[in-house]
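Shown next: coords-v3.cif, containing mmCIF, C-alpha atoms; chains and numbers go by the auth columns.
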```cif
data_target
loop_
_atom_site.group_PDB
_atom_site.id
_atom_site.type_symbol
_atom_site.label_atom_id
_atom_site.label_comp_id
_atom_site.label_asym_id
_atom_site.label_seq_id
_atom_site.Cartn_x
_atom_site.Cartn_y
_atom_site.Cartn_z
_atom_site.B_iso_or_equiv
_atom_site.auth_seq_id
_atom_site.auth_asym_id
ATOM 1 C CA MET A 1 14.643 -2.299 -11.486 0.00 23 U
ATOM 2 C CA ILE A 2 12.345 -0.870 -8.838 0.00 24 U
ATOM 3 C CA TYR A 3 10.380 -2.999 -6.377 0.00 25 U
ATOM 4 C CA ALA A 4 7.652 -1.010 -4.619 0.00 26 U
ATOM 5 C CA TYR A 5 5.586 -1.950 -1.573 0.00 27 U
ATOM 6 C CA GLY A 6 2.760 -0.218 0.244 0.00 28 U
ATOM 7 C CA CYS A 7 -0.974 0.348 0.422 0.00 29 U
ATOM 8 C CA SER A 8 -3.598 2.047 -1.751 0.00 30 U
ATOM 9 C CA HIS A 9 -1.577 5.260 -1.882 0.00 31 U
ATOM 10 C CA SER A 10 1.092 3.354 -3.813 0.00 32 U
ATOM 11 C CA SER A 11 -1.174 1.057 -5.843 0.00 33 U
ATOM 12 C CA GLY A 12 -2.975 3.878 -7.638 0.00 34 U
ATOM 13 C CA MET A 13 -6.391 3.375 -6.101 0.00 35 U
ATOM 14 C CA GLU A 14 -9.101 5.611 -7.626 0.00 36 U
ATOM 15 C CA LEU A 15 -6.966 6.562 -10.618 0.00 37 U
ATOM 16 C CA LEU A 16 -9.623 4.946 -12.814 0.00 38 U
ATOM 17 C CA GLY A 17 -12.478 6.289 -10.705 0.00 39 U
ATOM 18 C CA SER A 18 -14.180 5.236 -7.504 0.00 40 U
ATOM 19 C CA GLU A 19 -16.536 2.893 -9.365 0.00 41 U
ATOM 20 C CA LEU A 20 -13.782 0.302 -9.666 0.00 42 U
ATOM 21 C CA PHE A 21 -13.492 0.105 -5.875 0.00 43 U
ATOM 22 C CA LEU A 22 -17.261 -0.225 -5.586 0.00 44 U
ATOM 23 C CA ASP A 23 -17.092 -3.098 -8.082 0.00 45 U
ATOM 24 C CA TYR A 24 -14.557 -4.759 -5.804 0.00 46 U
ATOM 25 C CA LEU A 25 -16.746 -4.328 -2.727 0.00 47 U
ATOM 26 C CA GLN A 26 -19.648 -5.967 -4.550 0.00 48 U
ATOM 27 C CA GLY A 27 -17.521 -8.932 -5.627 0.00 49 U
ATOM 28 C CA ARG A 28 -17.296 -8.137 -9.329 0.00 50 U
ATOM 29 C CA ILE A 29 -13.475 -7.966 -9.338 0.00 51 U
ATOM 30 C CA ASP A 30 -10.742 -9.261 -7.034 0.00 52 U
ATOM 31 C CA LEU A 31 -8.612 -6.881 -4.974 0.00 53 U
ATOM 32 C CA GLU A 32 -5.280 -7.356 -6.711 0.00 54 U
ATOM 33 C CA ASP A 33 -6.957 -7.494 -10.122 0.00 55 U
ATOM 34 C CA MET A 34 -8.357 -4.065 -9.301 0.00 56 U
ATOM 35 C CA ASP A 35 -4.906 -2.811 -8.340 0.00 57 U
ATOM 36 C CA ASP A 36 -3.355 -4.308 -11.475 0.00 58 U
ATOM 37 C CA LEU A 37 -5.415 -1.837 -13.498 0.00 59 U
ATOM 38 C CA THR A 38 -4.205 1.251 -11.618 0.00 60 U
ATOM 39 C CA ARG A 39 -0.623 0.426 -10.608 0.00 61 U
ATOM 40 C CA PRO A 40 0.767 1.496 -14.022 0.00 62 U
ATOM 41 C CA MET A 41 -0.413 5.057 -13.267 0.00 63 U
ATOM 42 C CA SER A 42 0.822 5.175 -9.661 0.00 64 U
ATOM 43 C CA TRP A 43 3.775 7.250 -8.505 0.00 65 U
ATOM 44 C CA PRO A 44 6.146 4.240 -8.070 0.00 66 U
ATOM 45 C CA ASN A 45 5.528 3.188 -11.670 0.00 67 U
ATOM 46 C CA ARG A 46 5.815 6.753 -12.908 0.00 68 U
ATOM 47 C CA LEU A 47 9.131 7.093 -11.073 0.00 69 U
ATOM 48 C CA ALA A 48 10.384 3.950 -12.786 0.00 70 U
ATOM 49 C CA GLU A 49 9.363 5.397 -16.159 0.00 71 U
ATOM 50 C CA PHE A 50 11.214 8.642 -15.413 0.00 72 U
ATOM 51 C CA MET A 51 14.307 6.588 -14.506 0.00 73 U
ATOM 52 C CA GLY A 52 13.999 4.304 -17.548 0.00 74 U
ATOM 53 C CA VAL A 53 13.657 1.103 -15.508 0.00 75 U
ATOM 54 C CA VAL A 54 11.004 -1.525 -14.851 0.00 76 U
ATOM 55 C CA CYS A 55 8.760 -1.327 -11.779 0.00 77 U
ATOM 56 C CA CYS A 56 7.499 -4.391 -9.950 0.00 78 U
ATOM 57 C CA ASN A 57 4.789 -2.791 -7.830 0.00 79 U
ATOM 58 C CA ARG A 58 3.615 -5.043 -4.967 0.00 80 U
ATOM 59 C CA ALA A 59 1.508 -2.367 -3.248 0.00 81 U
ATOM 60 C CA MET A 60 -2.078 -3.385 -2.502 0.00 82 U
ATOM 61 C CA SER A 61 -5.084 -1.325 -1.530 0.00 83 U
ATOM 62 C CA GLY A 62 -5.745 -1.711 2.179 0.00 84 U
ATOM 63 C CA GLY A 63 -2.413 -3.474 2.661 0.00 85 U
ATOM 64 C CA SER A 64 -0.328 -3.453 5.836 0.00 86 U
ATOM 65 C CA ASN A 65 3.334 -3.032 6.687 0.00 87 U
ATOM 66 C CA THR A 66 3.215 -6.666 7.786 0.00 88 U
ATOM 67 C CA ARG A 67 2.257 -7.609 4.240 0.00 89 U
ATOM 68 C CA THR A 68 5.098 -5.460 2.892 0.00 90 U
ATOM 69 C CA ILE A 69 7.598 -7.388 5.023 0.00 91 U
ATOM 70 C CA ARG A 70 6.207 -10.714 3.812 0.00 92 U
ATOM 71 C CA LYS A 71 6.330 -9.651 0.150 0.00 93 U
ATOM 72 C CA ILE A 72 9.922 -8.423 0.530 0.00 94 U
ATOM 73 C CA GLN A 73 10.865 -11.824 1.925 0.00 95 U
ATOM 74 C CA GLN A 74 9.244 -13.477 -1.092 0.00 96 U
ATOM 75 C CA ASP A 75 11.016 -11.174 -3.547 0.00 97 U
ATOM 76 C CA LEU A 76 14.485 -11.289 -2.006 0.00 98 U
ATOM 77 C CA PRO A 77 15.767 -14.092 -4.289 0.00 99 U
ATOM 78 C CA THR A 78 14.916 -11.982 -7.357 0.00 100 U
ATOM 79 C CA TYR A 79 16.762 -8.813 -6.295 0.00 101 U
ATOM 80 C CA THR A 80 19.955 -7.870 -8.105 0.00 102 U
ATOM 81 C CA ARG A 81 22.697 -5.457 -7.073 0.00 103 U
ATOM 82 C CA ASP A 82 20.975 -2.709 -9.092 0.00 104 U
ATOM 83 C CA THR A 83 17.576 -3.178 -7.454 0.00 105 U
ATOM 84 C CA VAL A 84 15.959 -0.126 -5.882 0.00 106 U
ATOM 85 C CA ILE A 85 13.437 -0.935 -3.137 0.00 107 U
ATOM 86 C CA ILE A 86 10.686 1.546 -2.299 0.00 108 U
ATOM 87 C CA VAL A 87 8.712 0.970 0.883 0.00 109 U
ATOM 88 C CA ALA A 88 5.762 3.282 1.545 0.00 110 U
ATOM 89 C CA TYR A 89 4.773 2.659 5.146 0.00 111 U
ATOM 90 C CA THR A 90 1.143 2.871 6.204 0.00 112 U
ATOM 91 C CA GLU A 91 -0.436 2.876 9.671 0.00 113 U
ATOM 92 C CA PRO A 92 1.580 0.408 11.771 0.00 114 U
ATOM 93 C CA GLN A 93 -1.449 -1.042 13.574 0.00 115 U
ATOM 94 C CA ARG A 94 -2.597 -2.731 10.382 0.00 116 U
ATOM 95 C CA THR A 95 -1.658 -6.390 10.110 0.00 117 U
ATOM 96 C CA GLU A 96 -2.691 -9.611 8.348 0.00 118 U
ATOM 97 C CA PHE A 97 -3.670 -13.223 8.966 0.00 119 U
ATOM 98 C CA TYR A 98 -3.528 -16.288 6.756 0.00 120 U
ATOM 99 C CA TYR A 99 -7.135 -17.115 5.841 0.00 121 U
ATOM 100 C CA PRO A 100 -7.552 -19.663 3.008 0.00 122 U
ATOM 101 C CA ASP A 101 -11.241 -20.460 3.648 0.00 123 U
ATOM 102 C CA GLN A 102 -13.477 -20.228 0.591 0.00 124 U
ATOM 103 C CA GLY A 103 -15.714 -17.207 0.394 0.00 125 U
ATOM 104 C CA LEU A 104 -16.191 -13.721 -0.991 0.00 126 U
ATOM 105 C CA TRP A 105 -13.912 -12.172 1.592 0.00 127 U
ATOM 106 C CA LEU A 106 -12.952 -8.554 1.990 0.00 128 U
ATOM 107 C CA ALA A 107 -9.276 -7.483 2.053 0.00 129 U
ATOM 108 C CA ARG A 108 -7.681 -10.790 1.010 0.00 130 U
ATOM 109 C CA ASP A 109 -4.726 -10.985 -1.389 0.00 131 U
ATOM 110 C CA ARG A 110 -3.701 -13.664 -3.872 0.00 132 U
ATOM 111 C CA ASP A 111 -1.654 -15.439 -1.212 0.00 133 U
ATOM 112 C CA ASN A 112 -4.817 -15.859 0.925 0.00 134 U
ATOM 113 C CA TYR A 113 -3.623 -13.394 3.556 0.00 135 U
ATOM 114 C CA ILE A 114 -6.414 -11.165 4.807 0.00 136 U
ATOM 115 C CA GLN A 115 -5.641 -7.627 5.931 0.00 137 U
ATOM 116 C CA VAL A 116 -7.111 -6.156 9.126 0.00 138 U
ATOM 117 C CA GLY A 117 -7.264 -2.648 10.555 0.00 139 U
ATOM 118 C CA VAL A 118 -9.307 0.528 10.595 0.00 140 U
ATOM 119 C CA GLN A 119 -8.941 0.830 6.813 0.00 141 U
ATOM 120 C CA TRP A 120 -11.484 -2.010 6.485 0.00 142 U
ATOM 121 C CA TYR A 121 -13.821 -0.736 9.191 0.00 143 U
ATOM 122 C CA GLY A 122 -16.844 1.507 8.736 0.00 144 U
ATOM 123 C CA SER A 123 -20.532 1.748 8.071 0.00 145 U
ATOM 124 C CA MET A 124 -20.128 1.734 4.277 0.00 146 U
ATOM 125 C CA LEU A 125 -18.689 -1.774 4.437 0.00 147 U
ATOM 126 C CA LYS A 126 -21.753 -3.152 6.232 0.00 148 U
ATOM 127 C CA SER A 127 -23.867 -3.174 3.065 0.00 149 U
ATOM 128 C CA VAL A 128 -21.481 -4.742 0.531 0.00 150 U
ATOM 129 C CA ARG A 129 -21.364 -8.310 -0.764 0.00 151 U
ATOM 130 C CA ARG A 130 -17.864 -8.982 0.454 0.00 152 U
ATOM 131 C CA ARG A 131 -17.515 -9.816 4.127 0.00 153 U
ATOM 132 C CA HIS A 132 -14.597 -9.772 6.534 0.00 154 U
ATOM 133 C CA PRO A 133 -14.519 -12.642 9.038 0.00 155 U
ATOM 134 C CA ILE A 134 -12.612 -10.921 11.844 0.00 156 U
ATOM 135 C CA ASN A 135 -11.988 -7.230 11.204 0.00 157 U
ATOM 136 C CA ASP A 136 -14.750 -5.783 13.378 0.00 158 U
ATOM 137 C CA TYR A 137 -13.606 -7.928 16.288 0.00 159 U
ATOM 138 C CA TYR A 138 -9.969 -7.023 15.657 0.00 160 U
ATOM 139 C CA VAL A 139 -10.658 -3.274 15.621 0.00 161 U
ATOM 140 C CA GLU A 140 -13.131 -3.243 18.500 0.00 162 U
ATOM 141 C CA GLN A 141 -11.535 -5.795 20.820 0.00 163 U
ATOM 142 C CA MET A 142 -7.893 -6.401 19.895 0.00 164 U
ATOM 143 C CA LEU A 143 -6.400 -3.281 18.335 0.00 165 U
ATOM 144 C CA ARG A 144 -3.870 -1.507 20.530 0.00 166 U
ATOM 145 C CA VAL A 145 -1.703 1.444 19.506 0.00 167 U
ATOM 146 C CA ASP A 146 1.990 0.983 20.225 0.00 168 U
ATOM 147 C CA ASP A 147 4.192 3.953 19.347 0.00 169 U
ATOM 148 C CA THR A 148 7.184 1.648 18.772 0.00 170 U
ATOM 149 C CA THR A 149 5.544 -0.629 16.192 0.00 171 U
ATOM 150 C CA LEU A 150 6.566 1.393 13.130 0.00 172 U
ATOM 151 C CA ASP A 151 10.163 1.584 14.349 0.00 173 U
ATOM 152 C CA ARG A 152 10.267 -2.201 14.687 0.00 174 U
ATOM 153 C CA GLN A 153 8.740 -2.668 11.259 0.00 175 U
ATOM 154 C CA ARG A 154 11.317 -0.347 9.722 0.00 176 U
ATOM 155 C CA GLU A 155 14.118 -2.213 11.465 0.00 177 U
ATOM 156 C CA ILE A 156 12.912 -5.474 9.904 0.00 178 U
ATOM 157 C CA VAL A 157 12.692 -3.903 6.437 0.00 179 U
ATOM 158 C CA ARG A 158 16.174 -2.408 6.742 0.00 180 U
ATOM 159 C CA SER A 159 17.593 -5.727 7.920 0.00 181 U
ATOM 160 C CA LEU A 160 16.022 -7.610 5.008 0.00 182 U
ATOM 161 C CA THR A 161 17.193 -5.084 2.415 0.00 183 U
ATOM 162 C CA THR A 162 20.775 -4.621 3.618 0.00 184 U
ATOM 163 C CA GLY A 163 23.035 -4.179 0.609 0.00 185 U
ATOM 164 C CA TYR A 164 20.312 -2.737 -1.623 0.00 186 U
ATOM 165 C CA ARG A 165 19.173 0.822 -2.282 0.00 187 U
ATOM 166 C CA LEU A 166 16.206 1.397 0.034 0.00 188 U
ATOM 167 C CA ILE A 167 13.893 4.398 -0.265 0.00 189 U
ATOM 168 C CA GLU A 168 11.515 4.775 2.681 0.00 190 U
ATOM 169 C CA ILE A 169 8.351 6.843 2.297 0.00 191 U
ATOM 170 C CA LEU A 170 5.736 7.530 4.950 0.00 192 U
ATOM 171 C CA ALA A 171 2.258 7.315 3.422 0.00 193 U
ATOM 172 C CA SER A 172 -0.209 8.143 6.159 0.00 194 U
ATOM 173 C CA PRO A 173 -1.250 11.542 7.531 0.00 195 U
ATOM 174 C CA GLU A 174 -0.706 10.140 11.028 0.00 196 U
ATOM 175 C CA LEU A 175 2.995 9.641 10.355 0.00 197 U
ATOM 176 C CA GLY A 176 5.741 12.219 9.989 0.00 198 U
ATOM 177 C CA ASP A 177 8.357 12.689 7.292 0.00 199 U
ATOM 178 C CA SER A 178 11.407 10.624 6.505 0.00 200 U
ATOM 179 C CA LEU A 179 14.265 11.605 4.219 0.00 201 U
ATOM 180 C CA TYR A 180 11.542 12.219 1.632 0.00 202 U
ATOM 181 C CA PRO A 181 8.250 14.089 2.164 0.00 203 U
ATOM 182 C CA ASN A 182 5.277 12.191 3.583 0.00 204 U
ATOM 183 C CA TYR A 183 3.289 11.270 0.469 0.00 205 U
ATOM 184 C CA VAL A 184 -0.197 11.956 1.865 0.00 206 U
ATOM 185 C CA LYS A 185 0.744 15.209 3.586 0.00 207 U
ATOM 186 C CA TRP A 186 2.603 16.423 0.498 0.00 208 U
ATOM 187 C CA CYS A 187 -0.407 15.707 -1.733 0.00 209 U
ATOM 188 C CA ALA A 188 -2.906 17.190 0.722 0.00 210 U
ATOM 189 C CA GLU A 189 -1.052 20.509 0.655 0.00 211 U
ATOM 190 C CA ARG A 190 -1.335 20.723 -3.134 0.00 212 U
ATOM 191 C CA TYR A 191 -4.300 18.718 -4.418 0.00 213 U
ATOM 192 C CA HIS A 192 -7.924 17.977 -3.615 0.00 214 U
ATOM 193 C CA PRO A 193 -8.506 14.342 -2.618 0.00 215 U
ATOM 194 C CA LEU A 194 -10.691 12.011 -4.611 0.00 216 U
ATOM 195 C CA GLU A 195 -13.847 10.410 -3.189 0.00 217 U
ATOM 196 C CA PHE A 196 -12.018 7.908 -0.998 0.00 218 U
ATOM 197 C CA ASP A 197 -9.152 10.243 -0.023 0.00 219 U
ATOM 198 C CA HIS A 198 -6.615 9.296 -2.680 0.00 220 U
ATOM 199 C CA TYR A 199 -4.933 11.605 -5.179 0.00 221 U
ATOM 200 C CA GLY A 200 -5.115 11.895 -8.935 0.00 222 U
ATOM 201 C CA ILE A 201 -2.784 11.535 -11.887 0.00 223 U
ATOM 202 C CA GLU A 202 -1.150 14.936 -11.525 0.00 224 U
ATOM 203 C CA ALA A 203 -0.221 14.214 -7.909 0.00 225 U
ATOM 204 C CA GLN A 204 1.268 10.865 -8.925 0.00 226 U
ATOM 205 C CA ASN A 205 3.387 12.445 -11.623 0.00 227 U
ATOM 206 C CA GLN A 206 4.607 15.343 -9.519 0.00 228 U
ATOM 207 C CA TYR A 207 5.491 13.201 -6.506 0.00 229 U
ATOM 208 C CA ALA A 208 7.391 10.811 -8.762 0.00 230 U
ATOM 209 C CA GLU A 209 9.285 13.764 -10.240 0.00 231 U
ATOM 210 C CA LEU A 210 10.065 15.023 -6.741 0.00 232 U
ATOM 211 C CA LEU A 211 11.583 11.665 -5.837 0.00 233 U
ATOM 212 C CA ARG A 212 13.488 11.431 -9.116 0.00 234 U
ATOM 213 C CA LYS A 213 15.213 14.693 -8.369 0.00 235 U
ATOM 214 C CA GLY A 214 16.114 13.501 -4.880 0.00 236 U
ATOM 215 C CA ILE A 215 17.509 10.098 -5.811 0.00 237 U
#
```
Structure encoded using structure tokens:
Amino acid sequence: MIYAYGCSHSSGMELLGSELFLDYLQGRIDLEDMDDLTRPMSWPNRLAEFMGVVCCNRAMSGGSNTRTIRKIQQDLPTYTRDTVIIVAYTEPQRTEFYYPDQGLWLARDRDNYIQVGVQWYGSMLKSVRRRHPINDYYVEQMLRVDDTTLDRQREIVRSLTTGYRLIEILASPELGDSLYPNYVKWCAERYHPLEFDHYGIEAQNQYAELLRKGI
């Protein structure tokens, strides 16, 4: 079985069109419900199909590495000795806060953790129904870039997953390569991005095939 973690580049965002994301922004669908519709077409799920195993894809659009660590901790009791863990790291300055207050909030998952970072910052988000209680303040007043953050996050992931097969992917153009090619850079060299800078079905299939050959 494969467990996959990451952000929109691993959850299949835009694989059913950009309109679905716009529906989310206007409050017509929840964030993880949106991702549930596209995860089956994403490269982690396609890889699982190529390998003949089941994929439990925990990636979420706009998610953080901090969320990935939390979800791994939740899933640990369900891992078996045959489990393959895929972690697609995004920008390390993203993080999350527990925010259970009622409201039509932007970037909150089913566990009531709200994601913050530049991925939820921009003029387009000023005119949508969903609101974020702290992201503008976080980005403008609190965000600091620390070149060691990703290394620390990877150390935590490796510690948690000791004894299991761990595949680490870098999934941001700002990051380099690991043992496997950086997903975003690899796609950008071969495919045109969709409206919100994600990649289509063919890119998902070919990247999954690339990983299958390397595993």
Could you list, with a cut-off of 10 Å and counting only C-alpha atoms, the residues of range 23-67 of chain U near range 112-117 of chain U, each shown with its nearest atom pair and the distance in Å rounded to one decimal, rows sorted by chain and ascending number, as CSV?
```
residue,atom,partner,partner_atom,distance
U:Gly28,CA,U:Thr112,CA,6.9
U:Cys29,CA,U:Thr112,CA,6.7
U:Ser30,CA,U:Thr112,CA,9.3
U:His31,CA,U:Thr112,CA,8.9
```
Exercise for the section: Run the PyMOL selection byres ((chain U and resi 41-54) around 6) against the file shown and list the residues it catches, as number ranges by chain. Expected result: U: 39-40, 55-58, 150-152
Given 5 Å on each side, where is the centre and what are the edge lengths in Å to one decimal of the axis-aligned box enclosing the listed atoms of range 50-67 of chain U, as JSON?
```
{"center_x": -5.6, "center_y": -1.0, "center_z": -9.5, "size_x": 33.4, "size_y": 26.5, "size_z": 19.0}
```
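You will find CA of Leu216 in chain U at 14.4 Å from CA of Thr60 in chain U.
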Exercise for the section: Considering only C-alpha atoms, state which residue in the set U:His214, U:Arg187, U:Lys148, U:Arg174 is at the smallest distance from Ile24 in chain U. Expected result: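 Answer, going by the shortest atom-to-atom distance: U:Arg187.
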Handout entry: Near-Gln228 in chain U list (10 Å; all atoms listed in the file; drop same-chain fewer than 3 positions) as a PyMOL selection string
Key = chain U and resi 65+68-69+209+223-225+231-234
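The closest residue to Gln95 in chain U, picked from U:Arg180, U:His154, U:Arg132, U:Arg212 and counting all atoms listed in the file, is U:Arg180.
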Problem - Test item: residues at most 12 Å from Ala70 in chain U, all atoms listed in the file, excluding those fewer than 2 positions along its chain, as number ranges by chain - result: U: 23-26, 61-68, 72-79, 105-108, 227, 230-231, 233-234, 237
Exercise for the section: Would you list the residues near (10.6, 1.2, 7.3) (no more than 10 Å away, in the coordinates of the file, using all atoms listed in the file) as a VMD selection string? Expected result: chain U and resid 87 90 to 91 108 to 112 172 to 181 188 to 192 200
